[in-house]
>>> print(open('start_0.cif').read())   # mmCIF, C-alpha atoms
data_query
loop_
_atom_site.label_atom_id
_atom_site.label_comp_id
_atom_site.auth_asym_id
_atom_site.auth_seq_id
_atom_site.Cartn_x
_atom_site.Cartn_y
_atom_site.Cartn_z
CA MET A 180 110.41 148.96 84.46
CA LYS A 181 109.33 146.84 81.46
CA GLU A 182 112.33 144.54 81.99
CA ILE A 183 111.32 143.88 85.61
CA LYS A 184 107.77 142.96 84.55
CA LEU A 185 109.16 140.66 81.84
CA TYR A 186 111.48 138.91 84.32
CA LEU A 187 108.63 138.58 86.79
CA ILE A 188 106.31 137.04 84.19
CA VAL A 189 109.02 134.65 82.95
CA GLY A 190 109.83 133.69 86.56
CA LEU A 191 106.18 132.99 87.38
CA VAL A 192 105.75 130.89 84.23
CA LEU A 193 108.85 128.85 85.11
CA LEU A 194 107.63 128.40 88.67
CA PHE A 195 104.25 127.21 87.40
CA LEU A 196 105.94 124.73 85.03
CA LEU A 197 108.14 123.37 87.81
CA ILE A 198 105.12 122.83 90.05
CA ALA A 199 103.21 121.11 87.23
CA VAL A 200 106.15 118.80 86.48
CA TYR A 201 106.50 117.95 90.17
CA PHE A 202 102.86 116.87 90.44
CA VAL A 203 103.04 114.81 87.26
CA VAL A 204 106.22 113.02 88.34
CA SER A 205 105.01 112.41 91.91
CA GLY A 206 101.77 110.95 90.55
CA ILE A 207 103.73 108.45 88.46
CA ASP A 208 105.64 107.26 91.53
CA LYS A 209 102.40 106.19 93.25
CA GLU A 210 101.92 103.11 91.06
CA GLN A 211 100.92 99.97 92.90
CA GLY A 212 100.82 96.40 91.77
CA LYS A 213 97.76 94.19 91.37
CA LYS A 214 96.16 93.05 94.62
CA TYR A 215 94.20 89.87 95.35
CA GLU A 216 91.20 89.14 97.55
CA LEU A 217 91.95 87.61 100.91
CA PRO A 218 90.64 84.06 101.31
CA ALA A 219 87.11 84.19 102.69
CA ASP A 220 87.84 81.97 105.70
CA ASN A 221 88.63 84.91 107.98
CA GLN A 222 89.87 88.46 108.20
CA LEU A 223 93.05 89.72 109.80
CA ASN A 224 93.03 90.75 113.46
CA GLU A 225 95.46 93.32 114.83
CA VAL A 226 98.12 90.73 115.74
CA ASP A 227 97.95 89.25 112.23
CA LYS A 228 98.20 92.73 110.67
CA TYR A 229 101.31 93.46 112.74
CA LYS A 230 102.89 90.14 111.76
CA VAL A 231 102.04 90.68 108.07
CA ASN A 232 103.64 94.13 108.18
CA GLU A 233 106.74 92.82 109.96
CA ILE A 234 107.23 89.93 107.51
CA ALA A 235 106.72 92.13 104.43
CA HIS A 236 109.23 94.64 105.82
CA ASN A 237 111.79 91.91 106.60
CA LEU A 238 111.33 90.36 103.16
CA PHE A 239 111.88 93.71 101.49
CA ASN A 240 115.04 94.33 103.49
CA GLU A 241 116.38 90.85 102.79
CA LEU A 242 115.57 90.79 99.08
CA ASN A 243 116.89 94.28 98.39
CA GLU A 244 120.29 93.78 99.96
CA TRP A 245 123.09 92.43 97.86
CA ASN A 246 124.96 89.88 99.88
CA PHE A 247 126.40 86.41 99.56
CA PHE A 248 124.34 84.80 102.30
CA HIS A 249 120.63 85.43 102.40
CA ASP A 250 118.76 84.82 105.62
CA GLU A 251 116.04 82.26 105.10
CA VAL A 252 114.13 83.27 108.26
CA PRO A 253 111.83 85.84 106.56
CA LEU A 254 110.93 83.25 103.91
CA ARG A 255 110.28 80.58 106.55
CA MET A 256 108.12 83.01 108.54
CA LEU A 257 106.10 83.74 105.39
CA MET A 258 105.57 80.02 104.76
CA GLU A 259 104.25 79.52 108.30
CA LEU A 260 101.38 81.98 107.80
CA SER A 261 97.76 81.08 107.15
CA ASP A 262 96.55 81.53 103.58
CA THR A 263 94.82 84.77 104.58
CA SER A 264 97.99 86.29 106.05
CA PHE A 265 100.05 84.84 103.19
CA VAL A 266 97.92 86.73 100.65
CA ALA A 267 97.94 89.82 102.88
CA VAL A 268 101.77 89.90 102.77
CA TYR A 269 101.58 89.83 98.97
CA ASN A 270 99.03 92.66 98.92
CA LEU A 271 101.04 94.76 101.35
CA TRP A 272 104.14 94.26 99.19
CA GLN A 273 102.15 95.44 96.16
CA GLU A 274 100.99 98.52 98.04
CA LYS A 275 104.13 99.46 99.92
CA TYR A 276 107.21 97.99 98.20
CA PHE A 277 106.20 97.46 94.54
CA ASN A 278 108.03 100.54 93.21
CA ASP A 279 111.13 100.31 95.40
CA ALA A 280 111.58 96.60 94.70
CA GLY A 281 110.97 96.96 90.98
CA GLY A 282 107.97 94.66 90.85
CA SER A 283 105.74 92.24 92.68
CA LEU A 284 106.90 89.93 95.46
CA ILE A 285 106.71 87.00 93.04
CA GLU A 286 108.79 88.82 90.41
CA THR A 287 111.33 89.79 93.05
CA LEU A 288 111.61 86.20 94.30
CA LYS A 289 111.93 84.84 90.75
CA ASN A 290 114.68 87.35 89.97
CA GLU A 291 116.60 86.43 93.11
CA TRP A 292 119.22 84.01 91.86
CA PHE A 293 121.71 84.01 94.71
CA GLY A 294 120.53 81.51 97.27
CA TRP A 295 120.89 77.87 98.20
CA GLY A 296 119.85 75.32 100.78
CA ALA A 297 116.91 76.24 103.01
CA TYR A 298 116.66 79.69 101.38
CA GLU A 299 116.16 78.21 97.91
CA THR A 300 113.79 75.51 99.21
CA ASN A 301 111.60 78.08 100.97
CA LYS A 302 111.67 80.38 97.94
CA GLU A 303 110.38 77.62 95.66
CA ALA A 304 107.73 76.60 98.21
CA ILE A 305 106.50 80.22 98.41
CA LEU A 306 106.29 80.54 94.64
CA ASN A 307 104.40 77.23 94.42
CA ARG A 308 101.99 78.26 97.18
CA TYR A 309 101.20 81.61 95.53
CA ASN A 310 100.63 79.74 92.28
CA ARG A 311 98.30 77.25 94.05
CA LEU A 312 96.35 80.20 95.50
CA GLY A 313 95.92 81.66 92.00
CA ILE A 314 98.37 84.52 92.47
CA ASP A 315 100.58 84.40 89.45
CA ASN A 316 102.37 87.72 89.42
#
>>> encode(input="start_0.cif", output="structure tokens")
Amino acid sequence: MKEIKLYLIVGLVLLFLLIAVYFVVSGIDKEQGKKYELPADNQLNEVDKYKVNEIAHNLFNELNEWNFFHDEVPLRMLMELSDTSFVAVYNLWQEKYFNDAGGSLIETLKNEWFGWGAYETNKEAILNRYNRLGIDN
């Protein structure tokens, strides 16, 4: 009878430790990158929010695939946005893709070395535009 109580106590202690470790580890995974204020000229409407979400998602998919030929369309679409939406894409990346991508959108673009032509031109233009807007990382 004493052995059963001992096994039960040890089992409960181990269960408690596993639960505690789970919550600690899952809390670490929730890290988000630094966000920036949207330019004061306007706020996003529902269409803009949808477009921002779509572009951030497409950028994440494009930048996290290893392939020889990157599609420059997501970068071009990002460049065509207003400053407000442009910053909103950055903020959404920080919130949603920061951990999976291994850093900010700017860091991910800077670390992307395999591109040429329109892809590389758009990448440099995006980095310059974020820098001009005061978003440096």
>>> atom_distance(input="start_0.cif", atom1="atom CA of Pro253 of chain A", atom2="atom CA of Ile234 of chain A")
6.2 Å
>>> closest_atom_pairs(input="start_0.cif", of="segment 215-259 of chain A", to="segment 265-282 of chain A", cutoff="7 Å", atoms="only C-alpha atoms", output="Markdown table")
| residue | atom | partner | partner_atom | distance |
| --- | --- | --- | --- | --- |
| A:Tyr215 | CA | A:Asn270 | CA | 6.6 |
| A:Leu217 | CA | A:Val266 | CA | 6.0 |
| A:Val231 | CA | A:Val268 | CA | 5.4 |
| A:Ala235 | CA | A:Val268 | CA | 5.7 |
| A:Asn243 | CA | A:Ala280 | CA | 6.9 |
| A:Leu257 | CA | A:Phe265 | CA | 6.5 |
>>> resolve_selection(input="start_0.cif", expression="the PyMOL selection byres ((chain A and resi 298) around 9)", output="PyMOL selection string")
chain A and resi 249-252+254-255+294-297+299-303
>>> atom_distance(input="start_0.cif", atom1="atom CA of Glu291 of chain A", atom2="atom CA of Leu242 of chain A")
7.5 Å
>>> atom_distance(input="start_0.cif", atom1="atom CA of Leu288 of chain A", atom2="atom CA of Glu225 of chain A")
27.1 Å
>>> resolve_selection(input="start_0.cif", expression="the PyMOL selection byres ((chain A and resi 308) around 12)", output="PyMOL selection string")
chain A and resi 257-262+265-266+269+285+301-307+309-315
>>> write_last_selection(input="start_0.cif", atoms="C-alpha atoms", output="CSV table (one decimal), in the coordinates of the input")
chain,number,residue,atom,x,y,z
A,257,LEU,CA,106.1,83.7,105.4
A,258,MET,CA,105.6,80.0,104.8
A,259,GLU,CA,104.2,79.5,108.3
A,260,LEU,CA,101.4,82.0,107.8
A,261,SER,CA,97.8,81.1,107.2
A,262,ASP,CA,96.6,81.5,103.6
A,265,PHE,CA,100.0,84.8,103.2
A,266,VAL,CA,97.9,86.7,100.6
A,269,TYR,CA,101.6,89.8,99.0
A,285,ILE,CA,106.7,87.0,93.0
A,301,ASN,CA,111.6,78.1,101.0
A,302,LYS,CA,111.7,80.4,97.9
A,303,GLU,CA,110.4,77.6,95.7
A,304,ALA,CA,107.7,76.6,98.2
A,305,ILE,CA,106.5,80.2,98.4
A,306,LEU,CA,106.3,80.5,94.6
A,307,ASN,CA,104.4,77.2,94.4
A,309,TYR,CA,101.2,81.6,95.5
A,310,ASN,CA,100.6,79.7,92.3
A,311,ARG,CA,98.3,77.2,94.0
A,312,LEU,CA,96.4,80.2,95.5
A,313,GLY,CA,95.9,81.7,92.0
A,314,ILE,CA,98.4,84.5,92.5
A,315,ASP,CA,100.6,84.4,89.4
>>> closest_residue(input="start_0.cif", among="A:Ser264, A:Gly190, A:Leu196, A:Met180", to="Glu233 of chain A", atoms="only C-alpha atoms")
A:Ser264
>>> closest_residue(input="start_0.cif", among="A:Thr287, A:Glu182, A:Asn316, A:Tyr229", to="Glu241 of chain A", atoms="all atoms listed in the file")
A:Thr287
>>> decode(input="start_0.cif", residues="segment 273-302 of chain A", atoms="N, CA and C atoms", output="PDB file, in the first residue's frame")
ATOM      1  N   GLN A 273       6.027  41.151 -37.908  1.00  0.00           N
ATOM      2  CA  GLN A 273       6.582  41.097 -36.565  1.00  0.00           C
ATOM      3  C   GLN A 273       5.676  40.300 -35.633  1.00  0.00           C
ATOM      4  N   GLU A 274       4.385  40.461 -35.816  1.00  0.00           N
ATOM      5  CA  GLU A 274       3.408  39.793 -34.954  1.00  0.00           C
ATOM      6  C   GLU A 274       3.219  38.323 -35.306  1.00  0.00           C
ATOM      7  N   LYS A 275       3.172  38.034 -36.605  1.00  0.00           N
ATOM      8  CA  LYS A 275       2.733  36.720 -37.043  1.00  0.00           C
ATOM      9  C   LYS A 275       3.870  35.798 -37.492  1.00  0.00           C
ATOM     10  N   TYR A 276       4.918  36.343 -38.099  1.00  0.00           N
ATOM     11  CA  TYR A 276       5.941  35.512 -38.731  1.00  0.00           C
ATOM     12  C   TYR A 276       7.330  35.664 -38.117  1.00  0.00           C
ATOM     13  N   PHE A 277       7.493  36.537 -37.136  1.00  0.00           N
ATOM     14  CA  PHE A 277       8.809  36.837 -36.556  1.00  0.00           C
ATOM     15  C   PHE A 277       9.539  35.575 -36.109  1.00  0.00           C
ATOM     16  N   ASN A 278       8.874  34.723 -35.345  1.00  0.00           N
ATOM     17  CA  ASN A 278       9.523  33.505 -34.828  1.00  0.00           C
ATOM     18  C   ASN A 278       9.806  32.489 -35.928  1.00  0.00           C
ATOM     19  N   ASP A 279       8.834  32.233 -36.776  1.00  0.00           N
ATOM     20  CA  ASP A 279       9.003  31.222 -37.825  1.00  0.00           C
ATOM     21  C   ASP A 279      10.054  31.634 -38.854  1.00  0.00           C
ATOM     22  N   ALA A 280      10.155  32.928 -39.110  1.00  0.00           N
ATOM     23  CA  ALA A 280      11.129  33.407 -40.099  1.00  0.00           C
ATOM     24  C   ALA A 280      12.510  33.603 -39.487  1.00  0.00           C
ATOM     25  N   GLY A 281      12.581  33.649 -38.185  1.00  0.00           N
ATOM     26  CA  GLY A 281      13.877  33.840 -37.530  1.00  0.00           C
ATOM     27  C   GLY A 281      14.283  35.288 -37.399  1.00  0.00           C
ATOM     28  N   GLY A 282      13.328  36.203 -37.508  1.00  0.00           N
ATOM     29  CA  GLY A 282      13.648  37.615 -37.341  1.00  0.00           C
ATOM     30  C   GLY A 282      12.662  38.503 -38.053  1.00  0.00           C
ATOM     31  N   SER A 283      12.986  39.776 -38.089  1.00  0.00           N
ATOM     32  CA  SER A 283      12.110  40.775 -38.698  1.00  0.00           C
ATOM     33  C   SER A 283      12.099  40.611 -40.215  1.00  0.00           C
ATOM     34  N   LEU A 284      11.163  41.296 -40.852  1.00  0.00           N
ATOM     35  CA  LEU A 284      11.088  41.283 -42.314  1.00  0.00           C
ATOM     36  C   LEU A 284      12.374  41.854 -42.896  1.00  0.00           C
ATOM     37  N   ILE A 285      12.892  42.915 -42.310  1.00  0.00           N
ATOM     38  CA  ILE A 285      14.125  43.521 -42.805  1.00  0.00           C
ATOM     39  C   ILE A 285      15.297  42.549 -42.671  1.00  0.00           C
ATOM     40  N   GLU A 286      15.412  41.903 -41.524  1.00  0.00           N
ATOM     41  CA  GLU A 286      16.491  40.922 -41.335  1.00  0.00           C
ATOM     42  C   GLU A 286      16.368  39.784 -42.341  1.00  0.00           C
ATOM     43  N   THR A 287      15.151  39.324 -42.556  1.00  0.00           N
ATOM     44  CA  THR A 287      14.926  38.225 -43.493  1.00  0.00           C
ATOM     45  C   THR A 287      15.310  38.640 -44.907  1.00  0.00           C
ATOM     46  N   LEU A 288      14.936  39.853 -45.305  1.00  0.00           N
ATOM     47  CA  LEU A 288      15.309  40.334 -46.641  1.00  0.00           C
ATOM     48  C   LEU A 288      16.826  40.490 -46.768  1.00  0.00           C
ATOM     49  N   LYS A 289      17.461  41.034 -45.738  1.00  0.00           N
ATOM     50  CA  LYS A 289      18.917  41.217 -45.785  1.00  0.00           C
ATOM     51  C   LYS A 289      19.645  39.879 -45.863  1.00  0.00           C
ATOM     52  N   ASN A 290      19.111  38.860 -45.213  1.00  0.00           N
ATOM     53  CA  ASN A 290      19.747  37.546 -45.211  1.00  0.00           C
ATOM     54  C   ASN A 290      19.471  36.744 -46.478  1.00  0.00           C
ATOM     55  N   GLU A 291      18.567  37.233 -47.294  1.00  0.00           N
ATOM     56  CA  GLU A 291      18.209  36.549 -48.532  1.00  0.00           C
ATOM     57  C   GLU A 291      19.242  36.902 -49.594  1.00  0.00           C
ATOM     58  N   TRP A 292      20.092  35.986 -49.925  1.00  0.00           N
ATOM     59  CA  TRP A 292      21.193  36.282 -50.841  1.00  0.00           C
ATOM     60  C   TRP A 292      20.971  35.743 -52.246  1.00  0.00           C
ATOM     61  N   PHE A 293      19.957  34.926 -52.433  1.00  0.00           N
ATOM     62  CA  PHE A 293      19.786  34.264 -53.715  1.00  0.00           C
ATOM     63  C   PHE A 293      18.683  34.939 -54.518  1.00  0.00           C
ATOM     64  N   GLY A 294      19.051  35.970 -55.240  1.00  0.00           N
ATOM     65  CA  GLY A 294      18.085  36.660 -56.080  1.00  0.00           C
ATOM     66  C   GLY A 294      18.815  37.562 -57.055  1.00  0.00           C
ATOM     67  N   TRP A 295      18.173  37.870 -58.158  1.00  0.00           N
ATOM     68  CA  TRP A 295      18.781  38.756 -59.134  1.00  0.00           C
ATOM     69  C   TRP A 295      17.688  39.444 -59.924  1.00  0.00           C
ATOM     70  N   GLY A 296      18.083  40.386 -60.754  1.00  0.00           N
ATOM     71  CA  GLY A 296      17.144  41.082 -61.620  1.00  0.00           C
ATOM     72  C   GLY A 296      16.110  41.878 -60.834  1.00  0.00           C
ATOM     73  N   ALA A 297      14.846  41.748 -61.263  1.00  0.00           N
ATOM     74  CA  ALA A 297      13.761  42.515 -60.642  1.00  0.00           C
ATOM     75  C   ALA A 297      13.608  42.165 -59.164  1.00  0.00           C
ATOM     76  N   TYR A 298      13.858  40.909 -58.806  1.00  0.00           N
ATOM     77  CA  TYR A 298      13.763  40.496 -57.395  1.00  0.00           C
ATOM     78  C   TYR A 298      14.740  41.303 -56.546  1.00  0.00           C
ATOM     79  N   GLU A 299      15.984  41.358 -56.967  1.00  0.00           N
ATOM     80  CA  GLU A 299      17.025  42.066 -56.213  1.00  0.00           C
ATOM     81  C   GLU A 299      16.752  43.567 -56.196  1.00  0.00           C
ATOM     82  N   THR A 300      16.301  44.122 -57.314  1.00  0.00           N
ATOM     83  CA  THR A 300      15.980  45.551 -57.392  1.00  0.00           C
ATOM     84  C   THR A 300      14.863  45.906 -56.422  1.00  0.00           C
ATOM     85  N   ASN A 301      13.801  45.105 -56.415  1.00  0.00           N
ATOM     86  CA  ASN A 301      12.690  45.357 -55.493  1.00  0.00           C
ATOM     87  C   ASN A 301      13.112  45.180 -54.040  1.00  0.00           C
ATOM     88  N   LYS A 302      13.934  44.189 -53.769  1.00  0.00           N
ATOM     89  CA  LYS A 302      14.414  43.953 -52.404  1.00  0.00           C
ATOM     90  C   LYS A 302      15.172  45.175 -51.888  1.00  0.00           C
TER      91      LYS A 302
END
